[in-house]
Amino acid sequence: MSEFALAQRYHVVSQTELTLPNIRSLTQVYLPIIGHEAFTLYMTLACYPHDKNRAFTHTELLDQAGLTHHSFLDARARLEGMGLLRTYRQDLTTGTQWVYEVLEPMSTRAFLADDTLASLLAHYLGEDTLQKLVADTIPVTPKIEGKNVTASFFDLVGMERFKRIKAPIEKPVLQPIEKQHTSEKKQLDLDLMANMLRSFNVSTRTLKENEAALLIEKELYGLDDVALVRLIQQNLTKDNTIDMAGIRRSLSKQTLETQRQDVGQVTPTTNAEVSEQPSQSKPKNATEQFLQQVKTLAPVTYLKALRQEKGGFVTDSELKTLQDIAQLNRLPNEVINVLLYELTVGQKRTSISRNLMQTIVNDWTQAGIKTAEGALKYLQARQKNQSQQTGSNNRRYNNNRSLKNETRPDWEKQREQAAASSTEQAEAKRKLDAFLSAQKTKQED
């Protein structure tokens with residue numbers, strides 16, 4: 001297996017012919033990301049004769065595109081990362097040759113509809129330019145006034161007749177949408193990140209080594225892959241490795257600096273509004289709204305919302321506590337959010353200590369709590385048990401108090417005896433004084 005060399009030959013494979021919409025898409029959304037050299041390479045390969053029996057040398061290609069050895073490899077990697085090119089190496093007995101499969105670009109509308117790709121484009125163009133491009137590409141559909149009286153599908157085929165038709169193929173069982181969303185959310189697009197970090201000499205291997213740690217910070221702070229890339233760029237060591245401690249410090253610093261900013265539309269529900277469980281995914285009451293919040297918001301974002309609702313703020317020690325808890329990877333974020341709500345709203349704690357959080361997380365982990373609904377049921381069961389214990393203690397206290405009222409203590413008897421003795425002594429003294437007085441009168445007579 002040999003390395004790439006300019007003297008090696010290649011073939012071009014393409015199943016599509018470029019159209020004006022393709023060129024417009026390449027110019028509007030791909031060019032800002034891949035750069036002029038990759039754009040030129042793509043157009044050169046796309047316009048070459050697609051004859052499988054004809055091979056070209058890379059020297060001819062680089063002369064045609066005006067590229068150097070290094071710039072060609074970089075441009076080829078950018079095209080591969082953006083899904084515009086597939087590269088195949090064929091190690092033959094006569095030497096190594098390459099096959100380049102030119103792929104059709106996405107339409108501008110489809111590109112902008114993808115959140116990850118749109119975020120990546122905003123990184124290069126800026127938010128204002130991106131919004132203008134979106135407005136020009138995806139115009140707002142005007143609302144048609146009047147009542148919609150369009151016939152439905154069942155109006156066409158007939159409801160009763162349709163019910164008698166038996167489906168020839170059994171419908172497959174699909175996973176719930178919520179589980180699919182969670183699964184898609186908890187992963188990193190390493191290929192996209194590696195492509196964005198190529199100029200910083202950060203390899204895909206380095207990203208994979210730090211994937212678990214990066215994913216924790218992504219979930220804890222509610223970041224996207226583009227934001228993670230920016231953090232990595234700002235926290236690289238001299239040997240181009242990722243400084244995870246520096247990333248955590250940067251995130252903590254950014255959070256503390258934005259304490260006075262609004263938290264958007266997040267309005268935490270009150271304590272009285274979490275007594276019931278949701279029956280449907282669409283929020284229809286305060287309880288379902290609460291569950292939707294704890295399931296969709298990152299813990300740091302949610303704690304900021306809870307604190308700002310009361311005019312407070314998240315402390316640096318609390319951020320450190322949340323980072324430590326997240327690295328334990330014991331409870332899902334939605335359960336951690338319920339825990340934060342219980343401590344800040346239910347127990348009205350103005351700060352959360354690390355020891356307290358670890359104790360509760362340990363308790364909830366052993367209780368097998370894995371969902372927000374399960375956390376609520378667990379809290380309700382504990383509150384019910386505490387109420388029963390409190391009622392039992394009150395009854396026992398009242399019974400003890402009544403028994404003490406019926407049985408008078410010894411110190412009261414002692415006071416009564418002392419009082420009686422004092423009365424007897426006074427009476428005896430009075431009688432003695434009277435007797436002495438009478439005797440004195442007789443002697444005078």
# chains A, B, ... in the order shown; residues from 1 in each chain; ligands from 1
call {"tool": "residues_around", "arguments": {"residues": "Leu62 (chain A)", "least_positions_apart": "3", "cutoff": "10 Å", "atoms": "only C-alpha atoms", "output": "JSON, numbers by chain"}}
result
{"A": [6, 41, 44, 57, 58, 59, 65, 66, 67, 68, 69, 71, 72]}
call {"tool": "write_last_selection", "arguments": {"atoms": "all heavy atoms", "output": "compact mmCIF listing (two decimals), in the first residue's frame"}}
result
# COMPACT_ATOMS: atom_id res chain seq x y z
N LEU A 6 1.77 12.38 -7.20
CA LEU A 6 1.20 13.09 -8.34
C LEU A 6 1.25 12.27 -9.63
O LEU A 6 0.43 12.46 -10.53
CB LEU A 6 1.95 14.42 -8.54
CG LEU A 6 1.77 15.46 -7.44
CD1 LEU A 6 2.59 16.70 -7.77
CD2 LEU A 6 0.31 15.82 -7.26
N LEU A 41 -11.55 22.66 -7.73
CA LEU A 41 -11.30 21.24 -7.93
C LEU A 41 -12.59 20.51 -8.26
O LEU A 41 -12.61 19.64 -9.16
CB LEU A 41 -10.67 20.65 -6.66
CG LEU A 41 -10.42 19.14 -6.68
CD1 LEU A 41 -9.47 18.76 -7.82
CD2 LEU A 41 -9.88 18.67 -5.33
N THR A 44 -13.63 21.29 -11.79
CA THR A 44 -12.72 20.66 -12.75
C THR A 44 -13.04 19.18 -12.91
O THR A 44 -13.11 18.65 -14.03
CB THR A 44 -11.26 20.84 -12.30
OG1 THR A 44 -10.98 22.22 -12.13
CG2 THR A 44 -10.30 20.24 -13.32
N THR A 57 -3.56 11.55 -15.11
CA THR A 57 -2.57 11.67 -14.03
C THR A 57 -2.90 12.90 -13.19
O THR A 57 -3.49 13.87 -13.67
CB THR A 57 -1.15 11.83 -14.60
OG1 THR A 57 -1.07 13.04 -15.34
CG2 THR A 57 -0.78 10.64 -15.46
N HIS A 58 -2.51 12.84 -11.93
CA HIS A 58 -2.79 13.96 -11.03
C HIS A 58 -2.01 15.21 -11.44
O HIS A 58 -2.42 16.33 -11.14
CB HIS A 58 -2.46 13.56 -9.59
CG HIS A 58 -3.48 12.66 -8.98
ND1 HIS A 58 -3.44 11.29 -9.13
CD2 HIS A 58 -4.58 12.93 -8.23
CE1 HIS A 58 -4.45 10.75 -8.49
NE2 HIS A 58 -5.17 11.73 -7.92
N THR A 59 -0.91 15.02 -12.11
CA THR A 59 -0.14 16.19 -12.57
C THR A 59 -0.96 17.02 -13.54
O THR A 59 -0.99 18.25 -13.45
CB THR A 59 1.16 15.73 -13.24
OG1 THR A 59 1.90 14.92 -12.31
CG2 THR A 59 2.00 16.93 -13.64
N ALA A 65 -6.31 22.75 -12.64
CA ALA A 65 -6.98 23.47 -11.56
C ALA A 65 -6.10 24.53 -10.92
O ALA A 65 -6.60 25.35 -10.12
CB ALA A 65 -7.44 22.48 -10.48
N GLY A 66 -4.82 24.56 -11.23
CA GLY A 66 -3.93 25.54 -10.64
C GLY A 66 -3.68 25.31 -9.16
O GLY A 66 -3.66 26.25 -8.36
N LEU A 67 -3.49 24.03 -8.78
CA LEU A 67 -3.30 23.66 -7.37
C LEU A 67 -1.92 23.08 -7.15
O LEU A 67 -1.29 22.54 -8.08
CB LEU A 67 -4.35 22.63 -6.95
CG LEU A 67 -5.83 23.04 -7.07
CD1 LEU A 67 -6.72 21.86 -6.77
CD2 LEU A 67 -6.14 24.20 -6.13
N THR A 68 -1.45 23.18 -5.93
CA THR A 68 -0.22 22.54 -5.53
C THR A 68 -0.53 21.18 -4.91
O THR A 68 -1.70 20.83 -4.69
CB THR A 68 0.55 23.39 -4.51
OG1 THR A 68 -0.25 23.51 -3.31
CG2 THR A 68 0.82 24.78 -5.07
N HIS A 69 0.51 20.42 -4.61
CA HIS A 69 0.32 19.10 -4.00
C HIS A 69 -0.47 19.23 -2.69
O HIS A 69 -1.46 18.53 -2.46
CB HIS A 69 1.69 18.47 -3.76
CG HIS A 69 1.62 17.05 -3.30
ND1 HIS A 69 2.59 16.12 -3.60
CD2 HIS A 69 0.71 16.38 -2.55
CE1 HIS A 69 2.26 14.95 -3.06
NE2 HIS A 69 1.13 15.10 -2.41
N SER A 71 -2.26 21.85 -1.48
CA SER A 71 -3.58 22.45 -1.62
C SER A 71 -4.58 21.48 -2.24
O SER A 71 -5.78 21.53 -1.94
CB SER A 71 -3.50 23.73 -2.46
OG SER A 71 -3.04 23.44 -3.77
N PHE A 72 -4.11 20.57 -3.10
CA PHE A 72 -5.00 19.57 -3.68
C PHE A 72 -5.52 18.63 -2.61
O PHE A 72 -6.73 18.33 -2.55
CB PHE A 72 -4.27 18.78 -4.77
CG PHE A 72 -4.99 17.52 -5.16
CD1 PHE A 72 -6.12 17.57 -5.97
CD2 PHE A 72 -4.55 16.28 -4.72
CE1 PHE A 72 -6.79 16.41 -6.33
CE2 PHE A 72 -5.21 15.11 -5.07
CZ PHE A 72 -6.33 15.19 -5.88
call {"tool": "atom_distance", "arguments": {"atom1": "CA of Thr93 (chain A)", "atom2": "CA of Ala7 (chain A)"}}
result
15.8 Å
call {"tool": "atom_distance", "arguments": {"atom1": "CA of Arg354 (chain A)", "atom2": "CA of Arg307 (chain A)"}}
result
17.3 Å
call {"tool": "decode", "arguments": {"residues": "region 203-231 of chain A", "atoms": "N, CA and C atoms", "output": "tab-separated table (two decimals), in the first residue's frame"}}
result
chain	number	residue	atom	x	y	z
A	203	SER	N	-6.72	16.26	14.69
A	203	SER	CA	-7.06	15.05	13.95
A	203	SER	C	-8.38	14.46	14.44
A	204	THR	N	-8.96	13.59	13.60
A	204	THR	CA	-10.18	12.88	13.99
A	204	THR	C	-9.91	11.97	15.18
A	205	ARG	N	-8.72	11.42	15.26
A	205	ARG	CA	-8.37	10.57	16.38
A	205	ARG	C	-8.41	11.34	17.69
A	206	THR	N	-7.91	12.57	17.67
A	206	THR	CA	-7.96	13.41	18.88
A	206	THR	C	-9.39	13.67	19.30
A	207	LEU	N	-10.27	13.92	18.34
A	207	LEU	CA	-11.68	14.15	18.64
A	207	LEU	C	-12.32	12.90	19.25
A	208	LYS	N	-12.00	11.74	18.70
A	208	LYS	CA	-12.56	10.51	19.23
A	208	LYS	C	-12.08	10.23	20.64
A	209	GLU	N	-10.83	10.56	20.93
A	209	GLU	CA	-10.32	10.36	22.28
A	209	GLU	C	-11.04	11.22	23.31
A	210	ASN	N	-11.52	12.38	22.88
A	210	ASN	CA	-12.20	13.30	23.80
A	210	ASN	C	-13.71	13.35	23.55
A	211	GLU	N	-14.22	12.40	22.78
A	211	GLU	CA	-15.65	12.45	22.40
A	211	GLU	C	-16.57	12.40	23.62
A	212	ALA	N	-16.30	11.49	24.55
A	212	ALA	CA	-17.16	11.36	25.73
A	212	ALA	C	-17.16	12.64	26.56
A	213	ALA	N	-15.99	13.22	26.77
A	213	ALA	CA	-15.89	14.45	27.57
A	213	ALA	C	-16.57	15.62	26.85
A	214	LEU	N	-16.39	15.72	25.54
A	214	LEU	CA	-17.03	16.79	24.77
A	214	LEU	C	-18.54	16.64	24.78
A	215	LEU	N	-19.01	15.40	24.70
A	215	LEU	CA	-20.46	15.16	24.70
A	215	LEU	C	-21.09	15.58	26.02
A	216	ILE	N	-20.37	15.36	27.13
A	216	ILE	CA	-20.88	15.77	28.44
A	216	ILE	C	-21.08	17.29	28.49
A	217	GLU	N	-20.09	18.04	28.01
A	217	GLU	CA	-20.20	19.50	28.02
A	217	GLU	C	-21.29	19.96	27.05
A	218	LYS	N	-21.43	19.27	25.92
A	218	LYS	CA	-22.48	19.62	24.96
A	218	LYS	C	-23.86	19.48	25.58
A	219	GLU	N	-24.09	18.37	26.30
A	219	GLU	CA	-25.39	18.13	26.91
A	219	GLU	C	-25.62	19.03	28.13
A	220	LEU	N	-24.56	19.27	28.90
A	220	LEU	CA	-24.70	20.05	30.13
A	220	LEU	C	-25.05	21.50	29.82
A	221	TYR	N	-24.44	22.07	28.78
A	221	TYR	CA	-24.65	23.48	28.46
A	221	TYR	C	-25.57	23.69	27.26
A	222	GLY	N	-26.04	22.61	26.62
A	222	GLY	CA	-26.94	22.75	25.49
A	222	GLY	C	-26.26	23.34	24.26
A	223	LEU	N	-25.07	22.85	23.92
A	223	LEU	CA	-24.30	23.38	22.80
A	223	LEU	C	-24.57	22.58	21.54
A	224	ASP	N	-24.19	23.15	20.39
A	224	ASP	CA	-24.19	22.40	19.15
A	224	ASP	C	-22.75	22.12	18.74
A	225	ASP	N	-22.58	21.36	17.67
A	225	ASP	CA	-21.23	20.97	17.26
A	225	ASP	C	-20.38	22.16	16.84
A	226	VAL	N	-21.02	23.16	16.21
A	226	VAL	CA	-20.28	24.34	15.77
A	226	VAL	C	-19.74	25.11	16.98
A	227	ALA	N	-20.55	25.25	18.03
A	227	ALA	CA	-20.10	25.92	19.24
A	227	ALA	C	-18.95	25.16	19.90
A	228	LEU	N	-19.03	23.83	19.86
A	228	LEU	CA	-17.94	23.02	20.41
A	228	LEU	C	-16.65	23.25	19.64
A	229	VAL	N	-16.76	23.35	18.32
A	229	VAL	CA	-15.58	23.58	17.50
A	229	VAL	C	-14.92	24.90	17.88
A	230	ARG	N	-15.72	25.93	18.09
A	230	ARG	CA	-15.17	27.23	18.48
A	230	ARG	C	-14.45	27.14	19.82
A	231	LEU	N	-15.02	26.38	20.75
A	231	LEU	CA	-14.37	26.21	22.05
A	231	LEU	C	-13.06	25.46	21.91
